[in-house]
Every structure is written in C-alpha cells, then in structure tokens.
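Data file: entry_19.pdb. Format and content: PDB, C-alpha atoms and all ligand atoms.
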ATOM      1  CA  MET C 387      10.023  -1.067  10.460  1.00  0.00           C
ATOM      2  CA  SER C 388       7.157  -0.833  12.871  1.00  0.00           C
ATOM      3  CA  GLU C 389       7.619  -2.480  16.216  1.00  0.00           C
ATOM      4  CA  GLN C 390       3.869  -2.562  16.639  1.00  0.00           C
ATOM      5  CA  GLY C 391       2.533  -5.917  17.697  1.00  0.00           C
ATOM      6  CA  THR C 392       5.960  -7.032  18.798  1.00  0.00           C
ATOM      7  CA  GLU C 393       6.157 -10.615  19.909  1.00  0.00           C
ATOM      8  CA  SER C 394       8.776  -9.900  22.526  1.00  0.00           C
ATOM      9  CA  GLU C 395       7.749 -11.127  25.927  1.00  0.00           C
ATOM     10  CA  ARG C 396       9.343 -11.801  29.241  1.00  0.00           C
ATOM     11  CA  VAL C 397      10.137 -15.374  30.071  1.00  0.00           C
ATOM     12  CA  PRO C 398       7.373 -16.795  32.234  1.00  0.00           C
ATOM     13  CA  SER C 399       8.372 -17.922  35.676  1.00  0.00           C
ATOM     14  CA  PRO C 400       8.474 -21.720  36.193  1.00  0.00           C
ATOM     15  CA  ALA C 401       5.372 -21.389  38.354  1.00  0.00           C
ATOM     16  CA  VAL C 402       3.326 -20.367  35.304  1.00  0.00           C
ATOM     17  CA  GLN C 403       1.500 -23.277  33.780  1.00  0.00           C
ATOM     18  CA  ILE C 404       2.491 -23.533  30.148  1.00  0.00           C
ATOM     19  CA  SER C 405       0.658 -25.743  27.748  1.00  0.00           C
ATOM     20  CA  SER C 406       2.978 -28.240  26.092  1.00  0.00           C
ATOM     21  CA  ASP C 407       2.203 -26.721  22.691  1.00  0.00           C
ATOM     22  CA  ARG C 408       3.349 -23.249  23.623  1.00  0.00           C
ATOM     23  CA  VAL C 409       6.926 -22.327  22.810  1.00  0.00           C
ATOM     24  CA  ILE C 410       9.163 -19.336  23.200  1.00  0.00           C
ATOM     25  CA  LEU C 411      11.681 -18.621  20.490  1.00  0.00           C
ATOM     26  CA  GLN C 412      14.706 -16.419  20.825  1.00  0.00           C
ATOM     27  CA  VAL C 413      15.344 -15.278  17.253  1.00  0.00           C
ATOM     28  CA  GLY C 414      18.388 -13.050  17.055  1.00  0.00           C
ATOM     29  CA  ASP C 415      17.702 -10.411  19.670  1.00  0.00           C
ATOM     30  CA  ARG C 416      13.920 -10.810  19.624  1.00  0.00           C
ATOM     31  CA  ARG C 417      11.648 -13.115  21.482  1.00  0.00           C
ATOM     32  CA  PHE C 418       8.454 -14.686  20.123  1.00  0.00           C
ATOM     33  CA  THR C 419       5.774 -16.695  21.850  1.00  0.00           C
ATOM     34  CA  THR C 420       3.798 -19.057  19.686  1.00  0.00           C
ATOM     35  CA  THR C 421       2.807 -22.691  19.490  1.00  0.00           C
ATOM     36  CA  LYS C 422       4.578 -25.697  18.056  1.00  0.00           C
ATOM     37  CA  SER C 423       1.553 -26.466  15.907  1.00  0.00           C
ATOM     38  CA  THR C 424       1.645 -22.992  14.315  1.00  0.00           C
ATOM     39  CA  LEU C 425       5.307 -23.445  13.461  1.00  0.00           C
ATOM     40  CA  MET C 426       5.029 -27.051  12.295  1.00  0.00           C
ATOM     41  CA  ASP C 427       1.892 -26.481  10.232  1.00  0.00           C
ATOM     42  CA  GLY C 428       3.585 -24.605   7.387  1.00  0.00           C
ATOM     43  CA  SER C 429       7.288 -25.211   7.890  1.00  0.00           C
ATOM     44  CA  ASP C 430       9.168 -28.439   7.201  1.00  0.00           C
ATOM     45  CA  TRP C 431      12.136 -26.993   9.045  1.00  0.00           C
ATOM     46  CA  PHE C 432      10.123 -26.606  12.248  1.00  0.00           C
ATOM     47  CA  ARG C 433       8.565 -30.060  11.784  1.00  0.00           C
ATOM     48  CA  ALA C 434      12.088 -31.485  11.819  1.00  0.00           C
ATOM     49  CA  PHE C 435      13.095 -29.158  14.651  1.00  0.00           C
ATOM     50  CA  PHE C 436      10.346 -30.409  16.977  1.00  0.00           C
ATOM     51  CA  SER C 437      10.386 -34.010  15.741  1.00  0.00           C
ATOM     52  CA  GLY C 438      12.358 -35.133  18.765  1.00  0.00           C
ATOM     53  CA  ARG C 439      15.186 -36.361  16.591  1.00  0.00           C
ATOM     54  CA  TRP C 440      17.418 -33.675  18.040  1.00  0.00           C
ATOM     55  CA  ASN C 441      17.638 -32.505  21.554  1.00  0.00           C
ATOM     56  CA  HIS C 442      17.588 -28.734  21.379  1.00  0.00           C
ATOM     57  CA  GLU C 443      18.806 -26.929  24.397  1.00  0.00           C
ATOM     58  CA  LEU C 444      16.563 -24.389  25.946  1.00  0.00           C
ATOM     59  CA  MET C 445      18.296 -21.119  26.613  1.00  0.00           C
ATOM     60  CA  ASP C 446      16.564 -19.129  29.319  1.00  0.00           C
ATOM     61  CA  GLY C 447      13.349 -21.056  28.678  1.00  0.00           C
ATOM     62  CA  ALA C 448      13.460 -20.338  24.941  1.00  0.00           C
ATOM     63  CA  TYR C 449      14.670 -22.137  21.851  1.00  0.00           C
ATOM     64  CA  PHE C 450      17.431 -20.186  20.176  1.00  0.00           C
ATOM     65  CA  ILE C 451      17.029 -19.718  16.421  1.00  0.00           C
ATOM     66  CA  ASP C 452      19.933 -18.123  14.622  1.00  0.00           C
ATOM     67  CA  ALA C 453      18.029 -15.795  12.283  1.00  0.00           C
ATOM     68  CA  ASP C 454      17.021 -12.168  11.867  1.00  0.00           C
ATOM     69  CA  GLY C 455      14.259 -11.366  14.354  1.00  0.00           C
ATOM     70  CA  ASP C 456      12.684  -8.636  12.243  1.00  0.00           C
ATOM     71  CA  LEU C 457      12.409 -10.951   9.244  1.00  0.00           C
ATOM     72  CA  PHE C 458      11.155 -13.762  11.443  1.00  0.00           C
ATOM     73  CA  GLU C 459       8.238 -11.550  12.466  1.00  0.00           C
ATOM     74  CA  HIS C 460       6.966 -11.851   8.879  1.00  0.00           C
ATOM     75  CA  ILE C 461       7.667 -15.582   8.793  1.00  0.00           C
ATOM     76  CA  LEU C 462       5.601 -16.049  11.937  1.00  0.00           C
ATOM     77  CA  ARG C 463       2.812 -13.783  10.662  1.00  0.00           C
ATOM     78  CA  TYR C 464       2.605 -15.985   7.594  1.00  0.00           C
ATOM     79  CA  LEU C 465       2.641 -19.221   9.604  1.00  0.00           C
ATOM     80  CA  ARG C 466      -0.064 -17.933  11.935  1.00  0.00           C
ATOM     81  CA  ARG C 467      -2.551 -16.446   9.502  1.00  0.00           C
ATOM     82  CA  LYS C 468      -1.219 -17.369   6.051  1.00  0.00           C
ATOM     83  CA  ILE C 469      -0.884 -13.719   5.156  1.00  0.00           C
ATOM     84  CA  PHE C 470       1.627 -12.963   2.442  1.00  0.00           C
ATOM     85  CA  PRO C 471       3.799  -9.905   3.064  1.00  0.00           C
ATOM     86  CA  ILE C 472       3.518  -6.624   1.196  1.00  0.00           C
ATOM     87  CA  PHE C 473       6.489  -4.293   1.452  1.00  0.00           C
ATOM     88  CA  TYR C 474       5.174  -1.363  -0.523  1.00  0.00           C
ATOM     89  CA  ASP C 475       5.672   2.351  -0.185  1.00  0.00           C
ATOM     90  CA  ASN C 476       3.697   4.877  -2.239  1.00  0.00           C
ATOM     91  CA  ALA C 477       6.794   6.851  -3.139  1.00  0.00           C
ATOM     92  CA  LYS C 478       9.376   4.065  -3.495  1.00  0.00           C
ATOM     93  CA  GLY C 479       7.243   1.185  -4.724  1.00  0.00           C
ATOM     94  CA  HIS C 480       7.996  -2.400  -3.691  1.00  0.00           C
ATOM     95  CA  ASN C 481      10.956  -3.034  -1.418  1.00  0.00           C
ATOM     96  CA  ARG C 482      12.647  -5.762  -3.433  1.00  0.00           C
ATOM     97  CA  ALA C 483      15.524  -6.098  -0.966  1.00  0.00           C
ATOM     98  CA  MET C 484      13.006  -7.042   1.753  1.00  0.00           C
ATOM     99  CA  TYR C 485      11.292  -9.584  -0.492  1.00  0.00           C
ATOM    100  CA  LEU C 486      14.626 -11.184  -1.355  1.00  0.00           C
ATOM    101  CA  ALA C 487      15.705 -11.309   2.279  1.00  0.00           C
ATOM    102  CA  LEU C 488      12.382 -12.861   3.299  1.00  0.00           C
ATOM    103  CA  MET C 489      12.526 -15.320   0.417  1.00  0.00           C
ATOM    104  CA  ARG C 490      15.866 -16.579   1.753  1.00  0.00           C
ATOM    105  CA  GLU C 491      14.285 -17.017   5.193  1.00  0.00           C
ATOM    106  CA  ALA C 492      11.311 -18.853   3.691  1.00  0.00           C
ATOM    107  CA  GLU C 493      13.790 -21.108   1.917  1.00  0.00           C
ATOM    108  CA  TYR C 494      15.722 -21.686   5.145  1.00  0.00           C
ATOM    109  CA  PHE C 495      12.593 -22.505   7.153  1.00  0.00           C
ATOM    110  CA  GLN C 496      11.269 -24.593   4.259  1.00  0.00           C
ATOM    111  CA  ILE C 497       8.033 -22.709   3.789  1.00  0.00           C
ATOM    112  CA  GLU C 498       7.465 -23.532   0.157  1.00  0.00           C
ATOM    113  CA  ARG C 499       4.258 -21.556  -0.491  1.00  0.00           C
ATOM    114  CA  LEU C 500       5.712 -18.345   0.881  1.00  0.00           C
ATOM    115  CA  ARG C 501       8.982 -18.847  -0.971  1.00  0.00           C
ATOM    116  CA  LEU C 502       7.146 -19.414  -4.266  1.00  0.00           C
ATOM    117  CA  TRP C 503       4.822 -16.464  -3.714  1.00  0.00           C
ATOM    118  CA  ILE C 504       7.827 -14.167  -3.459  1.00  0.00           C
ATOM    119  CA  GLU C 505       9.845 -15.898  -6.179  1.00  0.00           C
ATOM    120  CA  ASP C 506       6.920 -15.587  -8.613  1.00  0.00           C
ATOM    121  CA  GLU C 507       6.651 -11.888  -7.697  1.00  0.00           C
ATOM    122  CA  ARG C 508       2.992 -12.340  -6.849  1.00  0.00           C
ATOM    123  CA  TYR C 509       3.205  -9.186  -4.733  1.00  0.00           C
ATOM    124  CA  LEU C 510       3.223  -7.231  -7.997  1.00  0.00           C
ATOM    125  CA  THR C 511      -0.353  -8.290  -8.657  1.00  0.00           C
ATOM    126  CA  ALA C 512      -1.402  -7.650  -5.047  1.00  0.00           C
ATOM    127  CA  VAL C 513      -0.840  -3.913  -5.241  1.00  0.00           C
ATOM    128  CA  LEU C 514      -2.830  -2.071  -7.870  1.00  0.00           C
ATOM    129  CA  VAL C 515      -1.944   1.433  -8.975  1.00  0.00           C
ATOM    130  CA  TRP C 516      -4.498   3.385 -10.992  1.00  0.00           C
ATOM    131  CA  TYR C 517      -3.721   6.530 -12.895  1.00  0.00           C
ATOM    132  CA  SER C 518      -6.262   8.984 -14.219  1.00  0.00           C
ATOM    133  CA  VAL C 519      -5.181  11.926 -16.320  1.00  0.00           C
ATOM    134  CA  LYS C 520      -7.472  14.921 -16.834  1.00  0.00           C
ATOM    135  CA  VAL C 521      -7.004  18.369 -18.299  1.00  0.00           C
ATOM    136  CA  CYS C 522      -8.884  20.986 -16.323  1.00  0.00           C
ATOM    137  CA  LYS C 523      -9.589  24.647 -16.847  1.00  0.00           C
ATOM    138  CA  ASN C 524      -9.943  26.963 -13.847  1.00  0.00           C
ATOM    139  CA  TYR C 525      -8.889  24.074 -11.633  1.00  0.00           C
ATOM    140  CA  ASP C 526      -8.631  24.710  -7.938  1.00  0.00           C
ATOM    141  CA  GLY C 527      -7.599  21.373  -6.468  1.00  0.00           C
ATOM    142  CA  SER C 528      -6.346  22.955  -3.260  1.00  0.00           C
ATOM    143  CA  LYS C 529      -9.877  22.876  -1.901  1.00  0.00           C
ATOM    144  CA  VAL C 530     -10.639  19.306  -2.868  1.00  0.00           C
ATOM    145  CA  PRO C 531     -10.121  16.747  -0.094  1.00  0.00           C
ATOM    146  CA  ALA C 532      -8.604  13.477  -1.267  1.00  0.00           C
ATOM    147  CA  PRO C 533      -8.534  10.067   0.447  1.00  0.00           C
ATOM    148  CA  SER C 534      -5.142   9.054   1.828  1.00  0.00           C
ATOM    149  CA  ASP C 535      -4.595   6.414  -0.857  1.00  0.00           C
ATOM    150  CA  HIS C 536      -4.794   9.147  -3.496  1.00  0.00           C
ATOM    151  CA  GLU C 537      -1.845  11.071  -4.739  1.00  0.00           C
ATOM    152  CA  ILE C 538      -2.560  14.058  -6.957  1.00  0.00           C
ATOM    153  CA  GLN C 539      -0.023  15.763  -9.168  1.00  0.00           C
ATOM    154  CA  HIS C 540      -0.673  19.051 -10.979  1.00  0.00           C
ATOM    155  CA  ILE C 541       1.108  20.263 -14.089  1.00  0.00           C
ATOM    156  CA  PRO C 542      -0.004  23.778 -15.050  1.00  0.00           C
ATOM    157  CA  PHE C 543       0.304  24.999 -18.633  1.00  0.00           C
ATOM    158  CA  PHE C 544      -0.961  27.853 -20.797  1.00  0.00           C
ATOM    159  CA  GLU C 545      -2.954  27.327 -23.957  1.00  0.00           C
ATOM    160  CA  GLU C 546      -4.200  29.849 -26.482  1.00  0.00           C
ATOM    161  CA  GLU C 547      -7.948  30.012 -26.752  1.00  0.00           C
ATOM    162  CA  GLN C 548     -10.466  32.047 -28.748  1.00  0.00           C
ATOM    163  CA  VAL C 549     -12.563  33.783 -26.127  1.00  0.00           C
ATOM    164  CA  TYR C 550     -15.896  35.512 -26.784  1.00  0.00           C
ATOM    165  CA  ALA C 551     -15.740  39.245 -26.151  1.00  0.00           C
ATOM    166  CA  CYS C 552     -18.701  41.437 -25.242  1.00  0.00           C
ATOM    167  CA  PRO C 553     -19.447  44.142 -27.844  1.00  0.00           C
ATOM    168  CA  ARG C 554     -19.707  46.640 -25.000  1.00  0.00           C
ATOM    169  CA  GLY C 555     -16.391  45.432 -23.556  1.00  0.00           C
ATOM    170  CA  ILE C 556     -17.950  44.289 -20.278  1.00  0.00           C
ATOM    171  CA  SER C 557     -15.431  41.945 -18.680  1.00  0.00           C
ATOM    172  CA  LEU C 558     -18.117  39.975 -16.807  1.00  0.00           C
ATOM    173  CA  HIS C 559     -19.562  38.934 -20.204  1.00  0.00           C
ATOM    174  CA  LYS C 560     -16.183  37.751 -21.489  1.00  0.00           C
ATOM    175  CA  GLY C 561     -16.336  34.108 -22.567  1.00  0.00           C
ATOM    176  CA  ARG C 562     -20.097  34.000 -21.838  1.00  0.00           C
ATOM    177  CA  PRO C 563     -22.167  34.941 -24.899  1.00  0.00           C
ATOM    178  CA  GLY C 564     -25.347  34.170 -22.933  1.00  0.00           C
ATOM    179  CA  ALA C 565     -24.512  36.894 -20.438  1.00  0.00           C
ATOM    180  CA  CYS C 566     -24.837  39.615 -23.045  1.00  0.00           C
ATOM    181  CA  GLY C 567     -28.245  41.237 -22.958  1.00  0.00           C
ATOM    182  CA  LYS C 568     -30.302  43.507 -25.216  1.00  0.00           C
ATOM    183  CA  GLN C 569     -27.981  46.474 -24.761  1.00  0.00           C
ATOM    184  CA  CYS C 570     -24.976  44.438 -25.926  1.00  0.00           C
ATOM    185  CA  LYS C 571     -26.879  43.093 -28.957  1.00  0.00           C
ATOM    186  CA  LYS C 572     -27.862  46.635 -29.857  1.00  0.00           C
ATOM    187  CA  VAL C 573     -24.219  47.763 -29.835  1.00  0.00           C
ATOM    188  CA  GLN C 574     -23.218  44.680 -31.856  1.00  0.00           C
ATOM    189  CA  GLY C 575     -25.889  45.333 -34.506  1.00  0.00           C
ATOM    190  CA  ASP C 576     -25.392  43.125 -37.549  1.00  0.00           C
ATOM    191  CA  ALA C 577     -21.693  42.587 -36.865  1.00  0.00           C
ATOM    192  CA  GLU C 578     -20.399  39.092 -36.187  1.00  0.00           C
ATOM    193  CA  ASP C 579     -19.444  37.925 -32.697  1.00  0.00           C
ATOM    194  CA  ILE C 580     -16.015  39.128 -31.606  1.00  0.00           C
ATOM    195  CA  TYR C 581     -13.413  36.683 -30.409  1.00  0.00           C
ATOM    196  CA  VAL C 582     -10.057  37.518 -28.897  1.00  0.00           C
ATOM    197  CA  THR C 583      -7.041  35.241 -28.495  1.00  0.00           C
ATOM    198  CA  GLU C 584      -6.086  34.675 -24.889  1.00  0.00           C
ATOM    199  CA  GLU C 585      -3.598  32.578 -22.978  1.00  0.00           C
ATOM    200  CA  VAL C 586      -5.654  30.412 -20.683  1.00  0.00           C
ATOM    201  CA  LEU C 587      -4.197  28.672 -17.621  1.00  0.00           C
ATOM    202  CA  LYS C 588      -4.990  24.977 -17.633  1.00  0.00           C
ATOM    203  CA  MET C 589      -3.957  22.117 -15.448  1.00  0.00           C
ATOM    204  CA  VAL C 590      -3.035  18.520 -16.132  1.00  0.00           C
ATOM    205  CA  VAL C 591      -4.273  16.611 -13.096  1.00  0.00           C
ATOM    206  CA  ILE C 592      -2.725  13.180 -12.613  1.00  0.00           C
ATOM    207  CA  GLU C 593      -4.445  11.160  -9.956  1.00  0.00           C
ATOM    208  CA  LYS C 594      -2.788   8.059  -8.587  1.00  0.00           C
ATOM    209  CA  THR C 595      -4.746   5.605  -6.453  1.00  0.00           C
ATOM    210  CA  THR C 596      -3.114   2.678  -4.738  1.00  0.00           C
ATOM    211  CA  SER C 597      -5.020  -0.302  -3.439  1.00  0.00           C
ATOM    212  CA  ILE C 598      -4.112  -3.679  -2.055  1.00  0.00           C
ATOM    213  CA  LEU C 599      -6.026  -6.697  -3.251  1.00  0.00           C
ATOM    214  CA  ARG C 600      -6.690  -8.527  -0.050  1.00  0.00           C
ATOM    215  CA  TYR C 601      -7.424 -11.846  -1.663  1.00  0.00           C
ATOM    216  CA  ALA C 602      -4.027 -11.701  -3.398  1.00  0.00           C
ATOM    217  CA  CYS C 603      -2.155 -11.618  -0.093  1.00  0.00           C
ATOM    218  CA  THR C 604      -3.833 -14.368   1.818  1.00  0.00           C
ATOM    219  CA  GLU C 605      -4.479 -18.061   1.446  1.00  0.00           C
ATOM    220  CA  ILE C 606      -7.672 -17.633   3.432  1.00  0.00           C
ATOM    221  CA  THR C 607     -10.698 -17.877   1.189  1.00  0.00           C
ATOM    222  CA  ASP C 608     -13.093 -16.227   3.613  1.00  0.00           C
ATOM    223  CA  TRP C 609     -11.489 -12.853   4.187  1.00  0.00           C
ATOM    224  CA  SER C 610     -14.681 -10.913   4.866  1.00  0.00           C
ATOM    225  CA  ASP C 611     -13.600  -9.841   8.334  1.00  0.00           C
ATOM    226  CA  TRP C 612      -9.925  -9.775   7.666  1.00  0.00           C
ATOM    227  CA  VAL C 613      -7.931  -6.550   7.878  1.00  0.00           C
ATOM    228  CA  THR C 614      -5.397  -5.348   5.319  1.00  0.00           C
ATOM    229  CA  PRO C 615      -1.886  -5.679   6.809  1.00  0.00           C
ATOM    230  CA  LEU C 616      -0.627  -2.253   5.753  1.00  0.00           C
TER     231      LEU C 616
HETATM  232 ZN    ZN E 701     -22.191  42.053 -23.222  1.00  0.00          ZN
END

Can the structure from this file be put into structure tokens for me?
Amino acid sequence: MSEQGTESERVPSPAVQISSDRVILQVGDRRFTTTKSTLMDGSDWFRAFFSGRWNHELMDGAYFIDADGDLFEHILRYLRRKIFPIFYDNAKGHNRAMYLALMREAEYFQIERLRLWIEDERYLTAVLVWYSVKVCKNYDGSKVPAPSDHEIQHIPFFEEEQVYACPRGISLHKGRPGACGKQCKKVQGDAEDIYVTEEVLKMVVIEKTTSILRYACTEITDWSDWVTPL
C-alpha cells in the first residue's frame, strides 16, 4: 500500500496553539491529525467518543484508537471527503479481502453509508471494464502506442485464403488485381483470374480498457474538479 499522503505527524509542542477542534489520533502504529468535526460528521462511534460522556486519556498528546492504521487511512479519507474506496488492480481485479476488512472497520466506527456501500458491492459498478475484439490481417500492434488504461492481448492464428495471383507471376501483384497492368492482361488472355490457396497470418486483438466512474465513488455531487483516487 502506498504511504503517499501519510497522516503521520510529530506531536506538536505545548507551545503550539492548537484549535480546540483539532485532534491527533494514534491508530495502531500510525498517527493522524484531523478535526473532531470531520470525525463526528460521519461516524456515530466518534460522536460518542467525543461526547464527553467518557474521559479518554491522551497518550503523548494523542487519543489512542485500537485499530489498524492502514485501514483507518481509508476511513479518514472517507470521513474527510466522502470518497468511497476502490481497491482495484488491472491484473487481479478487486481486492475483496481489503473491502471486507474495511467494511468491518466501517461497522466498528459506525459509518453506515460506507459500510452499506461495501456490503452492496457498489465498487463493482464503479470500475468499468470494456473489451473489444477484432480480427486483423497484417497487424503490427508493436508500433501502436496505447494509453496506460489499455491492455492489449494478441492471439495469432493462420487462416487459409484464396489469393489473387498475377498471370506473369509477379509477386508484387499478388493479392492485388489492380496492380496488374496491360502486360499481365496480355499474358492472361481470355483465361480466368488465377487464385492460389495460402495460409495467411491473422491476429485476434483483444483490447481491454479500464475506467473508474468518479460519480460512483463519491457522495459529492459536484465532482468537476475532483481527482480520481487511483
Ligand atoms: Zn501482374
């Protein structure tokens, strides 16, 4: 898992002015800085946690939460921006183990919308995979650049074909009746066109395109300037 955008931060010294809304969480071995309002907005568990009913001890200036820090990163990402998680790999597909683990966390932190989104397998509709199948002759895909969301598979095969043959036996005219000129026609005379059976190399080209439907992974309705999380 990428550690990019890690929430880990050093504990601020007491001299640093901290707004009363800002909190530091120690989740497993990771540290996150966020606000109480972010946490309480989507999570009943955090609403109860900060309700004042219990006196939670601060450890090293942070609230200790006994949970998996790497999973909590996704919980916090959801609570902050209401972005649903996509654990998808082009080769392996969806990472169901991750979804299940995160669903348990969403259940624990009482984040009903996130829990339901995973339980209903909505992520399946968020990732679209398109296949196009073409049969090509004289295909040279090695020179064709493809975008990174494209995956191209080639299956070569031979097929018998009737190929036009030049009456003068000129190989450049093979398969191209239009290439034969007056001289060829003269040699042919009144005889019918000649065709020979040849094994022709063809290629089945399977193109796979993967795209993520942004509106399917966020609760935000205006996502015009929002960036895909993958
Ligand atoms: Zn010819």

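The set of protein, DNA and RNA residues with any counted atom at most 12 Å from (-19.3, 46.4, -26.8) (all atoms listed in the file) reads Tyr550, Ala551, Cys552, Pro553, Arg554, Gly555, Ile556, Ser557, Leu558, His559, Lys560, Pro563, Cys566, Gly567, Lys568, Gln569, Cys570, Lys571, Lys572, Val573, Gln574, Gly575, Ala577, Glu578, Asp579, Ile580 and Tyr581 of chain C.
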
State, in Å with one decimal place, the distance from atom CA of Ile461 of chain C to atom CA of Glu498 of chain C. 11.7 Å

Using atom CA of Lys523 of chain C and atom CA of Val582 of chain C as the two end points, give the distance in Å to one decimal.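 Taking atom CA of Lys523 of chain C and atom CA of Val582 of chain C, their separation equals 17.6 Å.
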
For Leu488 of chain C, please output as a list in words all residues within 9 Å (counting only C-alpha atoms; exclusion window: fewer than 5 positions along the same chain). Leu457, Phe458, His460, Ile461, Ala483, Glu493, Leu500, Arg501 and Ile504 of chain C

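Against the coordinates shown, the PyMOL selection byres (((chain C and resi 422-439) around 9) and not hetatm) returns Ser406, Asp407, Arg408, Val409, Thr420, Thr421, Trp440, Asn441, His442, Leu462, Tyr464, Leu465, Arg466, Lys468, Ala492, Tyr494, Phe495, Gln496, Ile497, Glu498 and Arg499 of chain C.
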
Considering all atoms listed in the file, state which residue in the set C:Pro531, C:Gly447, C:Pro542, C:Gly479 is at the smallest distance from Leu587 of chain C.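 Smallest distance to Leu587 of chain C is found for C:Pro542.
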
Residues matched by the PyMOL selection byres (((chain C and resi 413) around 8) and not hetatm) as a tab-separated table (two decimals) with C-alpha atoms, in the frame of the given file:
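Now in part.tsv:
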chain	number	residue	atom	x	y	z
C	411	LEU	CA	11.68	-18.62	20.49
C	412	GLN	CA	14.71	-16.42	20.82
C	414	GLY	CA	18.39	-13.05	17.06
C	415	ASP	CA	17.70	-10.41	19.67
C	416	ARG	CA	13.92	-10.81	19.62
C	417	ARG	CA	11.65	-13.12	21.48
C	418	PHE	CA	8.45	-14.69	20.12
C	450	PHE	CA	17.43	-20.19	20.18
C	451	ILE	CA	17.03	-19.72	16.42
C	452	ASP	CA	19.93	-18.12	14.62
C	453	ALA	CA	18.03	-15.80	12.28
C	454	ASP	CA	17.02	-12.17	11.87
C	455	GLY	CA	14.26	-11.37	14.35
C	458	PHE	CA	11.16	-13.76	11.44

With distances taken over only C-alpha atoms, which of C:Ile592, C:Ala448, C:Met489, C:Ile469 is nearest to Ile538 of chain C? C:Ile592

For Tyr517 of chain C, work out the shell of residues within 12 Å, counting only C-alpha atoms and skipping chain neighbours fewer than 5 positions away, then give it as a ChimeraX atom specification. /C:536-539,591-597

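For the pair atom CA of Glu546 of chain C and atom CA of Ala565 of chain C, the interatomic distance is 22.3 Å.
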
Proximity to Ser518 of chain C - best of C:His540, C:Pro471, C:Thr604, C:Glu443, all atoms listed in the file: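 Going through C:His540, C:Pro471, C:Thr604, C:Glu443 one by one, the smallest distance to Ser518 of chain C is for C:His540.
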
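Nearest residue to ligand ZN 701 (chain E) among C:Asn476, C:Gln548, C:Ser534, C:Gly561 is C:Gly561, counting all atoms listed in the file.
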
At a cut-off of 9 Å, using only C-alpha atoms, what residues contact segment 506-509 of chain C? Leave out same-chain residues fewer than 3 positions from it and give the result as number ranges by chain. C: 470-473, 480, 485, 501-503, 512-513, 602-603

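Closest to ligand ZN 701 (chain E) among C:Glu505, C:Gly564, C:Glu459, C:Val519 is C:Gly564, based on only C-alpha atoms and all ligand atoms.
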
N, CA and C atoms for segment 553-572 of chain C, written as a PDB file, keeping the file's coordinate frame, could you do that?
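As written to disk, result_39.pdb reads:
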ATOM      1  N   PRO C 553     -19.536  42.959 -26.965  1.00  0.00           N
ATOM      2  CA  PRO C 553     -19.447  44.142 -27.844  1.00  0.00           C
ATOM      3  C   PRO C 553     -19.308  45.438 -27.044  1.00  0.00           C
ATOM      4  N   ARG C 554     -19.814  45.446 -25.828  1.00  0.00           N
ATOM      5  CA  ARG C 554     -19.707  46.640 -25.000  1.00  0.00           C
ATOM      6  C   ARG C 554     -18.435  46.612 -24.146  1.00  0.00           C
ATOM      7  N   GLY C 555     -17.663  45.526 -24.292  1.00  0.00           N
ATOM      8  CA  GLY C 555     -16.391  45.432 -23.556  1.00  0.00           C
ATOM      9  C   GLY C 555     -16.563  45.156 -22.075  1.00  0.00           C
ATOM     10  N   ILE C 556     -17.735  44.587 -21.701  1.00  0.00           N
ATOM     11  CA  ILE C 556     -17.950  44.289 -20.278  1.00  0.00           C
ATOM     12  C   ILE C 556     -17.222  42.985 -19.916  1.00  0.00           C
ATOM     13  N   SER C 557     -16.306  43.100 -18.964  1.00  0.00           N
ATOM     14  CA  SER C 557     -15.431  41.945 -18.680  1.00  0.00           C
ATOM     15  C   SER C 557     -16.212  40.766 -18.085  1.00  0.00           C
ATOM     16  N   LEU C 558     -17.299  41.059 -17.377  1.00  0.00           N
ATOM     17  CA  LEU C 558     -18.117  39.975 -16.807  1.00  0.00           C
ATOM     18  C   LEU C 558     -18.766  39.103 -17.890  1.00  0.00           C
ATOM     19  N   HIS C 559     -18.945  39.688 -19.098  1.00  0.00           N
ATOM     20  CA  HIS C 559     -19.562  38.934 -20.204  1.00  0.00           C
ATOM     21  C   HIS C 559     -18.531  38.161 -21.018  1.00  0.00           C
ATOM     22  N   LYS C 560     -17.242  38.386 -20.693  1.00  0.00           N
ATOM     23  CA  LYS C 560     -16.183  37.751 -21.489  1.00  0.00           C
ATOM     24  C   LYS C 560     -16.265  36.231 -21.380  1.00  0.00           C
ATOM     25  N   GLY C 561     -16.274  35.563 -22.545  1.00  0.00           N
ATOM     26  CA  GLY C 561     -16.336  34.108 -22.567  1.00  0.00           C
ATOM     27  C   GLY C 561     -17.739  33.565 -22.327  1.00  0.00           C
ATOM     28  N   ARG C 562     -18.731  34.464 -22.136  1.00  0.00           N
ATOM     29  CA  ARG C 562     -20.097  34.000 -21.838  1.00  0.00           C
ATOM     30  C   ARG C 562     -21.087  34.739 -22.732  1.00  0.00           C
ATOM     31  N   PRO C 563     -21.256  34.255 -23.967  1.00  0.00           N
ATOM     32  CA  PRO C 563     -22.167  34.941 -24.899  1.00  0.00           C
ATOM     33  C   PRO C 563     -23.565  35.103 -24.313  1.00  0.00           C
ATOM     34  N   GLY C 564     -24.009  34.139 -23.515  1.00  0.00           N
ATOM     35  CA  GLY C 564     -25.347  34.170 -22.933  1.00  0.00           C
ATOM     36  C   GLY C 564     -25.533  35.303 -21.946  1.00  0.00           C
ATOM     37  N   ALA C 565     -24.426  35.832 -21.442  1.00  0.00           N
ATOM     38  CA  ALA C 565     -24.512  36.894 -20.438  1.00  0.00           C
ATOM     39  C   ALA C 565     -24.824  38.253 -21.065  1.00  0.00           C
ATOM     40  N   CYS C 566     -24.568  38.353 -22.360  1.00  0.00           N
ATOM     41  CA  CYS C 566     -24.837  39.615 -23.045  1.00  0.00           C
ATOM     42  C   CYS C 566     -26.353  39.802 -23.220  1.00  0.00           C
ATOM     43  N   GLY C 567     -26.810  40.963 -22.865  1.00  0.00           N
ATOM     44  CA  GLY C 567     -28.245  41.237 -22.958  1.00  0.00           C
ATOM     45  C   GLY C 567     -28.593  42.107 -24.164  1.00  0.00           C
ATOM     46  N   LYS C 568     -29.779  42.687 -24.109  1.00  0.00           N
ATOM     47  CA  LYS C 568     -30.302  43.507 -25.216  1.00  0.00           C
ATOM     48  C   LYS C 568     -29.366  44.656 -25.585  1.00  0.00           C
ATOM     49  N   GLN C 569     -28.871  45.329 -24.547  1.00  0.00           N
ATOM     50  CA  GLN C 569     -27.981  46.474 -24.761  1.00  0.00           C
ATOM     51  C   GLN C 569     -26.764  46.083 -25.586  1.00  0.00           C
ATOM     52  N   CYS C 570     -26.185  44.932 -25.245  1.00  0.00           N
ATOM     53  CA  CYS C 570     -24.976  44.438 -25.926  1.00  0.00           C
ATOM     54  C   CYS C 570     -25.309  44.146 -27.388  1.00  0.00           C
ATOM     55  N   LYS C 571     -26.461  43.471 -27.603  1.00  0.00           N
ATOM     56  CA  LYS C 571     -26.879  43.093 -28.957  1.00  0.00           C
ATOM     57  C   LYS C 571     -27.088  44.359 -29.811  1.00  0.00           C
ATOM     58  N   LYS C 572     -27.600  45.372 -29.157  1.00  0.00           N
ATOM     59  CA  LYS C 572     -27.862  46.635 -29.857  1.00  0.00           C
ATOM     60  C   LYS C 572     -26.548  47.240 -30.358  1.00  0.00           C
TER      61      LYS C 572
END
